[in-house]
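Trainee: Here you go, model18.pdb (PDB, C-alpha atoms, pLDDT in the B column):
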```pdb
ATOM      1  CA  SER A   1      68.609 -28.118  33.019  1.00 89.00           C
ATOM      2  CA  GLN A   2      69.035 -27.205  29.399  1.00 90.00           C
ATOM      3  CA  THR A   3      67.021 -24.633  27.490  1.00 93.00           C
ATOM      4  CA  ILE A   4      67.042 -23.548  23.883  1.00 96.00           C
ATOM      5  CA  HIS A   5      66.039 -20.134  22.608  1.00 96.00           C
ATOM      6  CA  GLN A   6      65.215 -18.894  19.145  1.00 97.00           C
ATOM      7  CA  TRP A   7      64.469 -15.430  17.858  1.00 95.00           C
ATOM      8  CA  PRO A   8      62.664 -13.783  16.417  1.00 96.00           C
ATOM      9  CA  ALA A   9      59.469 -15.774  16.882  1.00 95.00           C
ATOM     10  CA  THR A  10      57.926 -14.431  13.682  1.00 96.00           C
ATOM     11  CA  LEU A  11      59.364 -12.544  10.760  1.00 97.00           C
ATOM     12  CA  VAL A  12      57.934 -11.069   7.578  1.00 97.00           C
ATOM     13  CA  GLN A  13      60.520 -10.151   4.990  1.00 97.00           C
ATOM     14  CA  PRO A  14      60.400  -8.969   1.368  1.00 97.00           C
ATOM     15  CA  VAL A  15      61.921 -11.042  -1.403  1.00 97.00           C
ATOM     16  CA  GLY A  16      65.585 -10.195  -1.868  1.00 97.00           C
ATOM     17  CA  SER A  17      66.168  -9.030   1.696  1.00 97.00           C
ATOM     18  CA  PRO A  18      68.753 -10.616   4.015  1.00 97.00           C
ATOM     19  CA  LEU A  19      67.949 -12.982   6.845  1.00 96.00           C
ATOM     20  CA  SER A  20      69.466 -13.771  10.205  1.00 97.00           C
ATOM     21  CA  LEU A  21      67.891 -16.211  12.659  1.00 97.00           C
ATOM     22  CA  GLU A  22      69.564 -16.932  15.946  1.00 97.00           C
ATOM     23  CA  CYS A  23      69.514 -19.927  18.245  1.00 98.00           C
ATOM     24  CA  THR A  24      71.221 -20.283  21.618  1.00 98.00           C
ATOM     25  CA  VAL A  25      71.400 -23.164  24.056  1.00 97.00           C
ATOM     26  CA  GLU A  26      71.925 -22.905  27.806  1.00 96.00           C
ATOM     27  CA  GLY A  27      72.895 -25.479  30.377  1.00 94.00           C
ATOM     28  CA  THR A  28      75.171 -27.709  28.327  1.00 92.00           C
ATOM     29  CA  SER A  29      78.563 -27.597  26.664  1.00 91.00           C
ATOM     30  CA  ASN A  30      79.628 -28.549  23.154  1.00 91.00           C
ATOM     31  CA  PRO A  31      76.166 -29.558  21.979  1.00 93.00           C
ATOM     32  CA  ASN A  32      75.448 -30.741  18.474  1.00 92.00           C
ATOM     33  CA  LEU A  33      73.263 -28.105  16.839  1.00 95.00           C
ATOM     34  CA  TYR A  34      70.771 -28.422  13.999  1.00 94.00           C
ATOM     35  CA  TRP A  35      68.587 -26.251  11.774  1.00 96.00           C
ATOM     36  CA  TYR A  36      65.412 -27.734  10.318  1.00 95.00           C
ATOM     37  CA  ARG A  37      62.751 -26.228   8.085  1.00 95.00           C
ATOM     38  CA  GLN A  38      59.123 -27.220   8.214  1.00 94.00           C
ATOM     39  CA  ALA A  39      57.226 -26.214   5.105  1.00 86.00           C
ATOM     40  CA  ALA A  40      53.474 -26.299   4.664  1.00 78.00           C
ATOM     41  CA  GLY A  41      52.384 -29.920   4.747  1.00 70.00           C
ATOM     42  CA  ARG A  42      54.303 -30.508   7.989  1.00 71.00           C
ATOM     43  CA  GLY A  43      57.404 -32.338   6.765  1.00 83.00           C
ATOM     44  CA  LEU A  44      60.627 -31.369   8.526  1.00 91.00           C
ATOM     45  CA  GLN A  45      63.857 -31.198   6.579  1.00 91.00           C
ATOM     46  CA  LEU A  46      67.348 -30.987   8.055  1.00 91.00           C
ATOM     47  CA  LEU A  47      69.198 -27.994   6.614  1.00 94.00           C
ATOM     48  CA  PHE A  48      72.462 -27.778   8.575  1.00 94.00           C
ATOM     49  CA  TYR A  49      74.140 -29.353  11.542  1.00 90.00           C
ATOM     50  CA  SER A  50      77.218 -28.532  13.577  1.00 92.00           C
ATOM     51  CA  VAL A  51      79.323 -30.604  15.965  1.00 89.00           C
ATOM     52  CA  GLY A  52      81.555 -27.737  17.076  1.00 91.00           C
ATOM     53  CA  ILE A  53      82.511 -24.074  16.702  1.00 93.00           C
ATOM     54  CA  GLY A  54      83.072 -23.187  13.073  1.00 91.00           C
ATOM     55  CA  GLN A  55      82.075 -26.670  11.881  1.00 91.00           C
ATOM     56  CA  ILE A  56      79.035 -26.592   9.617  1.00 92.00           C
ATOM     57  CA  SER A  57      77.656 -29.381   7.467  1.00 89.00           C
ATOM     58  CA  SER A  58      74.998 -28.695   4.856  1.00 88.00           C
ATOM     59  CA  GLU A  59      72.388 -31.293   4.057  1.00 85.00           C
ATOM     60  CA  VAL A  60      70.529 -29.560   1.257  1.00 81.00           C
ATOM     61  CA  PRO A  61      71.958 -27.110  -1.315  1.00 67.00           C
ATOM     62  CA  GLN A  62      69.971 -23.913  -1.070  1.00 79.00           C
ATOM     63  CA  ASN A  63      69.852 -20.195  -0.617  1.00 88.00           C
ATOM     64  CA  LEU A  64      70.745 -20.405   3.070  1.00 94.00           C
ATOM     65  CA  SER A  65      73.925 -20.633   5.129  1.00 95.00           C
ATOM     66  CA  ALA A  66      74.700 -21.339   8.766  1.00 96.00           C
ATOM     67  CA  SER A  67      77.399 -20.311  11.190  1.00 96.00           C
ATOM     68  CA  ARG A  68      78.427 -21.241  14.710  1.00 97.00           C
ATOM     69  CA  PRO A  69      80.497 -18.383  16.120  1.00 96.00           C
ATOM     70  CA  GLN A  70      80.269 -19.606  19.711  1.00 95.00           C
ATOM     71  CA  ASP A  71      79.853 -22.989  21.360  1.00 95.00           C
ATOM     72  CA  ARG A  72      76.144 -22.587  22.069  1.00 96.00           C
ATOM     73  CA  GLN A  73      75.125 -20.193  19.310  1.00 97.00           C
ATOM     74  CA  PHE A  74      73.860 -21.204  15.890  1.00 98.00           C
ATOM     75  CA  ILE A  75      72.874 -18.709  13.209  1.00 97.00           C
ATOM     76  CA  LEU A  76      70.935 -19.245  10.003  1.00 97.00           C
ATOM     77  CA  SER A  77      71.436 -16.630   7.295  1.00 96.00           C
ATOM     78  CA  SER A  78      70.588 -15.662   3.778  1.00 96.00           C
ATOM     79  CA  LYS A  79      71.871 -12.820   1.610  1.00 95.00           C
ATOM     80  CA  LYS A  80      68.725 -12.656  -0.532  1.00 96.00           C
ATOM     81  CA  LEU A  81      65.496 -14.339   0.459  1.00 95.00           C
ATOM     82  CA  LEU A  82      63.321 -16.187  -2.014  1.00 94.00           C
ATOM     83  CA  LEU A  83      59.595 -16.832  -1.787  1.00 94.00           C
ATOM     84  CA  SER A  84      60.401 -20.512  -1.342  1.00 91.00           C
ATOM     85  CA  ASP A  85      62.302 -19.737   1.879  1.00 93.00           C
ATOM     86  CA  SER A  86      59.019 -19.192   3.717  1.00 93.00           C
ATOM     87  CA  GLY A  87      58.400 -21.729   6.442  1.00 94.00           C
ATOM     88  CA  PHE A  88      58.831 -22.624  10.071  1.00 95.00           C
ATOM     89  CA  TYR A  89      62.467 -22.830  11.122  1.00 96.00           C
ATOM     90  CA  LEU A  90      63.382 -24.972  14.055  1.00 96.00           C
ATOM     91  CA  CYS A  91      66.689 -25.142  15.857  1.00 97.00           C
ATOM     92  CA  ALA A  92      67.564 -28.249  17.840  1.00 96.00           C
ATOM     93  CA  TRP A  93      70.388 -29.538  20.007  1.00 95.00           C
ATOM     94  CA  SER A  94      71.605 -32.939  21.156  1.00 92.00           C
ATOM     95  CA  PHE A  95      74.314 -34.188  23.459  1.00 89.00           C
ATOM     96  CA  PRO A  96      77.721 -34.437  21.783  1.00 82.00           C
ATOM     97  CA  SER A  97      78.244 -38.041  20.801  1.00 70.00           C
ATOM     98  CA  GLY A  98      78.131 -40.021  17.611  1.00 60.00           C
ATOM     99  CA  GLY A  99      76.284 -43.199  16.862  1.00 61.00           C
ATOM    100  CA  GLY A 100      73.023 -41.655  15.777  1.00 62.00           C
ATOM    101  CA  TYR A 101      71.155 -42.393  18.960  1.00 77.00           C
ATOM    102  CA  ASN A 102      70.766 -39.077  20.711  1.00 84.00           C
ATOM    103  CA  GLU A 103      67.384 -37.478  20.830  1.00 89.00           C
ATOM    104  CA  GLN A 104      67.210 -33.905  19.659  1.00 92.00           C
ATOM    105  CA  PHE A 105      65.544 -31.155  21.647  1.00 94.00           C
ATOM    106  CA  PHE A 106      63.838 -28.432  19.707  1.00 95.00           C
ATOM    107  CA  GLY A 107      63.416 -24.712  20.210  1.00 96.00           C
ATOM    108  CA  PRO A 108      60.159 -22.783  19.852  1.00 95.00           C
ATOM    109  CA  GLY A 109      60.786 -22.008  16.181  1.00 95.00           C
ATOM    110  CA  THR A 110      60.706 -18.950  13.928  1.00 96.00           C
ATOM    111  CA  ARG A 111      57.868 -18.505  11.483  1.00 95.00           C
ATOM    112  CA  LEU A 112      59.236 -16.782   8.365  1.00 96.00           C
ATOM    113  CA  THR A 113      57.030 -15.325   5.669  1.00 96.00           C
ATOM    114  CA  VAL A 114      58.673 -14.002   2.538  1.00 96.00           C
ATOM    115  CA  LEU A 115      56.461 -11.672   0.494  1.00 96.00           C
TER
ATOM    116  CA  ALA B  66      67.990 -43.650   1.667  1.00 80.00           C
ATOM    117  CA  GLN B  67      65.990 -43.634   4.850  1.00 88.00           C
ATOM    118  CA  LYS B  68      62.258 -43.103   4.753  1.00 94.00           C
ATOM    119  CA  VAL B  69      59.466 -42.769   7.280  1.00 96.00           C
ATOM    120  CA  THR B  70      55.829 -43.129   6.307  1.00 97.00           C
ATOM    121  CA  GLN B  71      52.909 -41.961   8.391  1.00 97.00           C
ATOM    122  CA  ALA B  72      49.962 -42.873   6.231  1.00 96.00           C
ATOM    123  CA  GLN B  73      47.355 -41.322   8.497  1.00 97.00           C
ATOM    124  CA  THR B  74      47.180 -37.630   7.707  1.00 95.00           C
ATOM    125  CA  GLU B  75      44.465 -36.812  10.223  1.00 97.00           C
ATOM    126  CA  ILE B  76      42.607 -38.745  12.896  1.00 97.00           C
ATOM    127  CA  SER B  77      39.607 -37.512  14.874  1.00 97.00           C
ATOM    128  CA  VAL B  78      38.436 -39.251  18.027  1.00 97.00           C
ATOM    129  CA  VAL B  79      36.143 -38.533  20.902  1.00 97.00           C
ATOM    130  CA  GLU B  80      37.688 -38.063  24.313  1.00 97.00           C
ATOM    131  CA  LYS B  81      38.434 -41.296  26.187  1.00 97.00           C
ATOM    132  CA  GLU B  82      38.760 -43.319  23.014  1.00 97.00           C
ATOM    133  CA  ASP B  83      41.998 -45.189  22.352  1.00 97.00           C
ATOM    134  CA  VAL B  84      43.892 -44.207  19.227  1.00 98.00           C
ATOM    135  CA  THR B  85      46.872 -45.714  17.408  1.00 98.00           C
ATOM    136  CA  LEU B  86      49.204 -43.726  15.192  1.00 98.00           C
ATOM    137  CA  ASP B  87      51.031 -45.774  12.592  1.00 98.00           C
ATOM    138  CA  CYS B  88      54.648 -45.417  11.547  1.00 98.00           C
ATOM    139  CA  VAL B  89      56.479 -47.506   8.958  1.00 98.00           C
ATOM    140  CA  TYR B  90      60.161 -46.973   8.221  1.00 97.00           C
ATOM    141  CA  GLU B  91      62.779 -48.009   5.691  1.00 96.00           C
ATOM    142  CA  THR B  92      66.501 -48.217   6.330  1.00 93.00           C
ATOM    143  CA  ARG B  93      69.469 -50.285   5.262  1.00 90.00           C
ATOM    144  CA  ASP B  94      71.251 -49.745   8.558  1.00 85.00           C
ATOM    145  CA  THR B  95      71.425 -52.658  10.958  1.00 84.00           C
ATOM    146  CA  THR B  96      71.618 -50.269  13.898  1.00 84.00           C
ATOM    147  CA  TYR B  97      69.153 -47.444  13.959  1.00 88.00           C
ATOM    148  CA  TYR B  98      67.011 -45.409  16.291  1.00 91.00           C
ATOM    149  CA  LEU B  99      63.392 -44.395  16.135  1.00 94.00           C
ATOM    150  CA  PHE B 100      61.689 -41.463  17.804  1.00 95.00           C
ATOM    151  CA  TRP B 101      58.275 -39.970  18.366  1.00 96.00           C
ATOM    152  CA  TYR B 102      57.705 -36.246  18.765  1.00 97.00           C
ATOM    153  CA  LYS B 103      54.593 -34.239  19.559  1.00 97.00           C
ATOM    154  CA  GLN B 104      53.958 -30.825  18.006  1.00 96.00           C
ATOM    155  CA  PRO B 105      51.183 -28.915  19.774  1.00 94.00           C
ATOM    156  CA  PRO B 106      49.643 -25.819  18.168  1.00 90.00           C
ATOM    157  CA  SER B 107      52.420 -23.679  19.659  1.00 88.00           C
ATOM    158  CA  GLY B 108      54.806 -25.308  17.172  1.00 90.00           C
ATOM    159  CA  GLU B 109      57.589 -26.582  19.403  1.00 91.00           C
ATOM    160  CA  LEU B 110      58.446 -30.250  18.931  1.00 94.00           C
ATOM    161  CA  VAL B 111      58.351 -32.221  22.168  1.00 95.00           C
ATOM    162  CA  PHE B 112      60.411 -35.398  22.455  1.00 94.00           C
ATOM    163  CA  LEU B 113      58.342 -38.409  23.565  1.00 95.00           C
ATOM    164  CA  ILE B 114      60.417 -41.555  23.145  1.00 92.00           C
ATOM    165  CA  ARG B 115      63.529 -43.115  21.619  1.00 90.00           C
ATOM    166  CA  ARG B 116      63.817 -46.768  20.689  1.00 90.00           C
ATOM    167  CA  ASN B 117      66.904 -48.544  19.348  1.00 87.00           C
ATOM    168  CA  SER B 118      66.780 -51.351  16.830  1.00 88.00           C
ATOM    169  CA  PHE B 119      68.086 -53.914  19.323  1.00 86.00           C
ATOM    170  CA  ASP B 120      65.231 -53.478  21.741  1.00 84.00           C
ATOM    171  CA  GLU B 121      61.872 -54.728  20.554  1.00 82.00           C
ATOM    172  CA  GLN B 122      60.211 -54.583  23.911  1.00 83.00           C
ATOM    173  CA  ASN B 123      57.067 -52.556  23.960  1.00 85.00           C
ATOM    174  CA  GLU B 124      57.110 -49.550  26.228  1.00 86.00           C
ATOM    175  CA  ILE B 125      54.397 -47.949  28.296  1.00 87.00           C
ATOM    176  CA  SER B 126      54.467 -44.517  29.863  1.00 89.00           C
ATOM    177  CA  GLY B 127      51.225 -43.552  31.513  1.00 93.00           C
ATOM    178  CA  ARG B 128      48.572 -43.396  28.795  1.00 94.00           C
ATOM    179  CA  TYR B 129      51.194 -43.722  26.051  1.00 95.00           C
ATOM    180  CA  SER B 130      52.490 -47.001  24.670  1.00 94.00           C
ATOM    181  CA  TRP B 131      54.713 -47.925  21.767  1.00 93.00           C
ATOM    182  CA  ASN B 132      54.812 -51.114  19.719  1.00 94.00           C
ATOM    183  CA  PHE B 133      58.073 -51.720  17.846  1.00 94.00           C
ATOM    184  CA  GLN B 134      58.032 -54.605  15.346  1.00 93.00           C
ATOM    185  CA  LYS B 135      61.208 -55.069  13.384  1.00 92.00           C
ATOM    186  CA  SER B 136      59.650 -57.769  11.189  1.00 92.00           C
ATOM    187  CA  THR B 137      57.174 -55.281   9.732  1.00 95.00           C
ATOM    188  CA  SER B 138      59.399 -52.185  10.112  1.00 95.00           C
ATOM    189  CA  SER B 139      56.782 -50.482  12.208  1.00 96.00           C
ATOM    190  CA  PHE B 140      56.870 -48.345  15.328  1.00 96.00           C
ATOM    191  CA  ASN B 141      53.295 -47.562  16.282  1.00 96.00           C
ATOM    192  CA  PHE B 142      52.130 -45.243  19.030  1.00 96.00           C
ATOM    193  CA  THR B 143      48.947 -45.750  21.046  1.00 96.00           C
ATOM    194  CA  ILE B 144      47.252 -43.239  23.298  1.00 97.00           C
ATOM    195  CA  THR B 145      44.843 -44.813  25.749  1.00 96.00           C
ATOM    196  CA  ALA B 146      41.834 -42.868  26.983  1.00 97.00           C
ATOM    197  CA  SER B 147      42.647 -39.859  24.827  1.00 97.00           C
ATOM    198  CA  GLN B 148      42.196 -36.347  26.165  1.00 97.00           C
ATOM    199  CA  VAL B 149      41.674 -32.996  24.492  1.00 96.00           C
ATOM    200  CA  VAL B 150      45.217 -32.017  25.500  1.00 95.00           C
ATOM    201  CA  ASP B 151      46.502 -34.827  23.279  1.00 97.00           C
ATOM    202  CA  SER B 152      45.403 -32.865  20.217  1.00 97.00           C
ATOM    203  CA  ALA B 153      48.568 -32.181  18.224  1.00 97.00           C
ATOM    204  CA  VAL B 154      50.589 -33.321  15.250  1.00 96.00           C
ATOM    205  CA  TYR B 155      52.655 -36.401  16.006  1.00 97.00           C
ATOM    206  CA  PHE B 156      55.845 -37.175  14.138  1.00 97.00           C
ATOM    207  CA  CYS B 157      57.723 -40.403  13.847  1.00 97.00           C
ATOM    208  CA  ALA B 158      61.434 -40.066  13.002  1.00 96.00           C
ATOM    209  CA  LEU B 159      64.359 -42.294  12.084  1.00 94.00           C
ATOM    210  CA  SER B 160      67.915 -41.423  13.044  1.00 89.00           C
ATOM    211  CA  GLU B 161      70.982 -41.767  10.892  1.00 78.00           C
ATOM    212  CA  ALA B 162      74.486 -41.027  12.153  1.00 73.00           C
ATOM    213  CA  ARG B 163      76.301 -38.308  10.233  1.00 70.00           C
ATOM    214  CA  PRO B 164      80.041 -38.268   9.371  1.00 70.00           C
ATOM    215  CA  GLY B 165      82.038 -36.624  12.123  1.00 70.00           C
ATOM    216  CA  GLY B 166      79.269 -36.812  14.688  1.00 71.00           C
ATOM    217  CA  GLY B 167      75.709 -35.683  15.080  1.00 75.00           C
ATOM    218  CA  ASN B 168      72.712 -37.450  13.687  1.00 80.00           C
ATOM    219  CA  LYS B 169      70.106 -36.660  11.071  1.00 84.00           C
ATOM    220  CA  LEU B 170      66.474 -37.240  11.843  1.00 89.00           C
ATOM    221  CA  THR B 171      64.314 -38.233   8.908  1.00 92.00           C
ATOM    222  CA  PHE B 172      60.760 -37.322   9.781  1.00 94.00           C
ATOM    223  CA  GLY B 173      57.468 -38.656   8.550  1.00 95.00           C
ATOM    224  CA  THR B 174      54.887 -36.148   7.384  1.00 94.00           C
ATOM    225  CA  GLY B 175      53.064 -36.326  10.703  1.00 95.00           C
ATOM    226  CA  THR B 176      49.589 -37.302  11.844  1.00 97.00           C
ATOM    227  CA  GLN B 177      47.208 -34.602  13.025  1.00 97.00           C
ATOM    228  CA  LEU B 178      45.279 -35.935  16.009  1.00 98.00           C
ATOM    229  CA  LYS B 179      42.099 -34.154  17.023  1.00 97.00           C
ATOM    230  CA  VAL B 180      40.448 -35.164  20.271  1.00 97.00           C
ATOM    231  CA  GLU B 181      36.979 -33.767  20.750  1.00 96.00           C
ATOM    232  CA  LEU B 182      34.679 -33.676  23.729  1.00 93.00           C
TER
END
```
Please express the file's structure as C-alpha cells.

Mentor:
Amino acid sequence: SQTIHQWPATLVQPVGSPLSLECTVEGTSNPNLYWYRQAAGRGLQLLFYSVGIGQISSEVPQNLSASRPQDRQFILSSKKLLLSDSGFYLCAWSFPSGGGYNEQFFGPGTRLTVL
Amino acid sequence: AQKVTQAQTEISVVEKEDVTLDCVYETRDTTYYLFWYKQPPSGELVFLIRRNSFDEQNEISGRYSWNFQKSTSSFNFTITASQVVDSAVYFCALSEARPGGGNKLTFGTGTQLKVEL
C-alpha cells in the first residue's frame, strides 16, 4: 500500500527566514505530486504540481518554490518567509495519468506559523 | 474558471440525525470529476468518493450517500444516522486536467459538521 509522509508537522519561523518542507511517498512509482496551502477560513489552494523528476508547474505566483529531486520526494521552499506564508501546507499524490480523474491522497500536513 | 460553492459554513446536528451537505459547482468542461474529502481535527484530508460527469447514478456506501445532479450542477452528500465520529470539515472538489498531466482540484470552502450527543 502507499503512504505519504510530511515533515516537520509544525514549524514556527521568523519573517525573513528560509523554509524547507519535505514530502515523500512510498509504495508507488512516478506519482504525480502536489503542494496545497490551506489558509485560515479552510480554503485549499494548489501551489505546485509535478508529473516527474525535475518537472515543476506553478499555479500561483508567490514567495515559494518547489523541487522534485527524486521520484517520490517533493520539497517546498522559500528564501525569505513572509507573514502571509503562514498556513497549513498539504502534500498530495495521485497515480500518474492524465485526464483529470485521479483522486489525490493527502499527507498529514505541516502547520507553519510565521512571526 | 472552475468554482465550487459550499454555502453551508457550519452545521450542528444531534447524533442519529440525517444531514445533507450541499455542493454546487461551475465548469465549462464537458468531462469533469467531482470529489468529496473529509478533514478531521487532525488535519489530514481523507478521500471519500469520486464521481465523473458521465455517471449520474447516486451512490451509497454504508451511512454515506451522494446525489449527483448535472441539471442543477450539484453533488450533495448525505450522512444517515450521524455519529460523533462524523464531526469534521467536509470539502467538495472539482477536478481539472493540467497540461502535461496531473490534475488540479478546486476546493469549496468546506462545511464544518458538528455531531453532538

Trainee: Please expand the PyMOL selection byres ((chain A and resi 27) around 12) into the concrete residues it hits in this file, giving the result as number ranges by chain.

Mentor: A: 1-5, 24-26, 28-31, 71-72, 93-95

Trainee: Taking the file as shown, what set of residues would the PyMOL selection byres ((chain B and resi 92-103) around 7) give back, as a list in words?

Mentor: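 Applying the PyMOL selection byres ((chain B and resi 92-103) around 7) to the structure shown produces Tyr101 of chain A; Ala66, Gln67, Lys68, Tyr90, Glu91, Gln104, Pro105, Leu110, Val111, Phe112, Leu113, Ile114, Arg115, Arg116, Asn117, Ser118, Ala153, Val154, Tyr155, Phe156, Cys157, Ala158, Leu159, Ser160 and Glu161 of chain B.
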
Trainee: Using only C-alpha atoms, please write the residues we just selected to a file, as an mmCIF file, keeping the file's coordinate frame.

Mentor:
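Generated output (again-v6.cif):
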```
data_model
loop_
_atom_site.group_PDB
_atom_site.id
_atom_site.type_symbol
_atom_site.label_atom_id
_atom_site.label_comp_id
_atom_site.auth_asym_id
_atom_site.auth_seq_id
_atom_site.Cartn_x
_atom_site.Cartn_y
_atom_site.Cartn_z
ATOM 1 C CA TYR A 101 71.155 -42.393 18.960
ATOM 2 C CA ALA B 66 67.990 -43.650 1.667
ATOM 3 C CA GLN B 67 65.990 -43.634 4.850
ATOM 4 C CA LYS B 68 62.258 -43.103 4.753
ATOM 5 C CA TYR B 90 60.161 -46.973 8.221
ATOM 6 C CA GLU B 91 62.779 -48.009 5.691
ATOM 7 C CA GLN B 104 53.958 -30.825 18.006
ATOM 8 C CA PRO B 105 51.183 -28.915 19.774
ATOM 9 C CA LEU B 110 58.446 -30.250 18.931
ATOM 10 C CA VAL B 111 58.351 -32.221 22.168
ATOM 11 C CA PHE B 112 60.411 -35.398 22.455
ATOM 12 C CA LEU B 113 58.342 -38.409 23.565
ATOM 13 C CA ILE B 114 60.417 -41.555 23.145
ATOM 14 C CA ARG B 115 63.529 -43.115 21.619
ATOM 15 C CA ARG B 116 63.817 -46.768 20.689
ATOM 16 C CA ASN B 117 66.904 -48.544 19.348
ATOM 17 C CA SER B 118 66.780 -51.351 16.830
ATOM 18 C CA ALA B 153 48.568 -32.181 18.224
ATOM 19 C CA VAL B 154 50.589 -33.321 15.250
ATOM 20 C CA TYR B 155 52.655 -36.401 16.006
ATOM 21 C CA PHE B 156 55.845 -37.175 14.138
ATOM 22 C CA CYS B 157 57.723 -40.403 13.847
ATOM 23 C CA ALA B 158 61.434 -40.066 13.002
ATOM 24 C CA LEU B 159 64.359 -42.294 12.084
ATOM 25 C CA SER B 160 67.915 -41.423 13.044
ATOM 26 C CA GLU B 161 70.982 -41.767 10.892
#
```

Trainee: Around the point (64.9, -21.9, 16.5) in the file's coordinates, collect all residues with an atom within 12 Å, using all atoms listed in the file, and return them as JSON, numbers by chain.

Mentor: {"A": [3, 4, 5, 6, 7, 8, 9, 10, 20, 21, 22, 23, 24, 25, 33, 34, 35, 36, 37, 38, 73, 74, 75, 76, 87, 88, 89, 90, 91, 92, 93, 105, 106, 107, 108, 109, 110, 111, 112], "B": [108, 109, 110]}

Trainee: Write out as a list in words which residues come within 9 Å of Pro14 in chain A when counting all atoms listed in the file, dropping same-chain ones fewer than 5 positions away.

Mentor: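 Once the nearby chain positions are removed, what remains is Leu81, Leu82, Leu83, Thr113, Val114 and Leu115 of chain A.
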
Trainee: Near chain B, which residues of chain A fall within 8 Å when you count all atoms listed in the file, and what do they look like as a ChimeraX atom specification?

Mentor: /A:32,41-46,49-51,94,96-109

Trainee: Pick out the residues sitting within 12 Å of Ser152 in chain B, and hand them over as a PyMOL selection string; count all atoms listed in the file, and ignore anything fewer than 3 positions along from it in its own chain.

Mentor: chain B and resi 75-80+84+103-107+144+147-149+155+176-182

Trainee: What does the distance from CA of Ser138 in chain B to CA of Phe48 in chain A come to in Å, to one decimal?

Mentor: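 One can read the CA of Ser138 in chain B to CA of Phe48 in chain A distance as 27.7 Å.
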
Trainee: Which value, in Å to one decimal, gives the distance between CA of Thr143 in chain B and CA of Thr85 in chain B?

Mentor: 4.2 Å

Trainee: Given the file shown, determine the residues that the PyMOL selection byres ((chain B and resi 122) around 12) selects; report them as JSON, numbers by chain.

Mentor: {"B": [116, 117, 118, 119, 120, 121, 123, 124, 125, 130, 131, 132, 133, 134, 135, 140]}

Trainee: Using Å and a single decimal, report how far CA of Asp83 in chain B sits from CA of Gly127 in chain B.

Mentor: 13.1 Å

Trainee: Axis-aligned box over every listed atom of range 88-92 of chain A, padded by 5 Å per side: centre and edges in Å to one decimal, as AutoDock Vina command-line options?

Mentor:
```
--center_x 63.2 --center_y -25.4 --center_z 14.0 --size_x 18.7 --size_y 15.6 --size_z 17.8
```

Trainee: Pop range 125-129 of chain B out of the structure in the block and write all heavy atoms as a CSV table (one decimal), in the first residue's frame.

Mentor:
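Now in selection23.csv:
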```csv
chain,number,residue,atom,x,y,z
B,125,ILE,N,-24.2,4.9,-2.8
B,125,ILE,CA,-24.4,4.7,-1.3
B,125,ILE,C,-23.2,3.8,-0.8
B,125,ILE,O,-22.9,2.8,-1.4
B,125,ILE,CB,-25.7,3.9,-1.0
B,125,ILE,CG1,-26.9,4.8,-1.4
B,125,ILE,CG2,-25.8,3.7,0.5
B,125,ILE,CD1,-28.2,4.1,-1.3
B,126,SER,N,-22.6,4.2,0.3
B,126,SER,CA,-21.6,3.5,0.9
B,126,SER,C,-21.8,3.5,2.4
B,126,SER,O,-21.5,4.5,3.1
B,126,SER,CB,-20.2,4.1,0.6
B,126,SER,OG,-19.2,3.4,1.3
B,127,GLY,N,-22.4,2.5,2.9
B,127,GLY,CA,-22.8,2.4,4.4
B,127,GLY,C,-23.7,3.5,4.7
B,127,GLY,O,-24.8,3.6,4.1
B,128,ARG,N,-23.3,4.4,5.6
B,128,ARG,CA,-24.2,5.5,6.0
B,128,ARG,C,-24.1,6.7,5.1
B,128,ARG,O,-24.8,7.7,5.3
B,128,ARG,CB,-23.9,5.9,7.5
B,128,ARG,CG,-24.1,4.9,8.5
B,128,ARG,CD,-23.9,5.3,9.9
B,128,ARG,NE,-22.5,5.7,10.2
B,128,ARG,CZ,-22.0,7.0,10.3
B,128,ARG,NH1,-22.9,8.0,10.2
B,128,ARG,NH2,-20.8,7.2,10.5
B,129,TYR,N,-23.1,6.7,4.2
B,129,TYR,CA,-22.9,7.8,3.3
B,129,TYR,C,-23.6,7.6,1.9
B,129,TYR,O,-23.7,6.5,1.4
B,129,TYR,CB,-21.4,7.9,3.0
B,129,TYR,CG,-20.5,8.3,4.1
B,129,TYR,CD1,-19.1,8.2,4.0
B,129,TYR,CD2,-21.0,8.6,5.4
B,129,TYR,CE1,-18.3,8.5,5.0
B,129,TYR,CE2,-20.2,9.0,6.4
B,129,TYR,CZ,-18.8,8.9,6.2
B,129,TYR,OH,-17.9,9.2,7.2
```
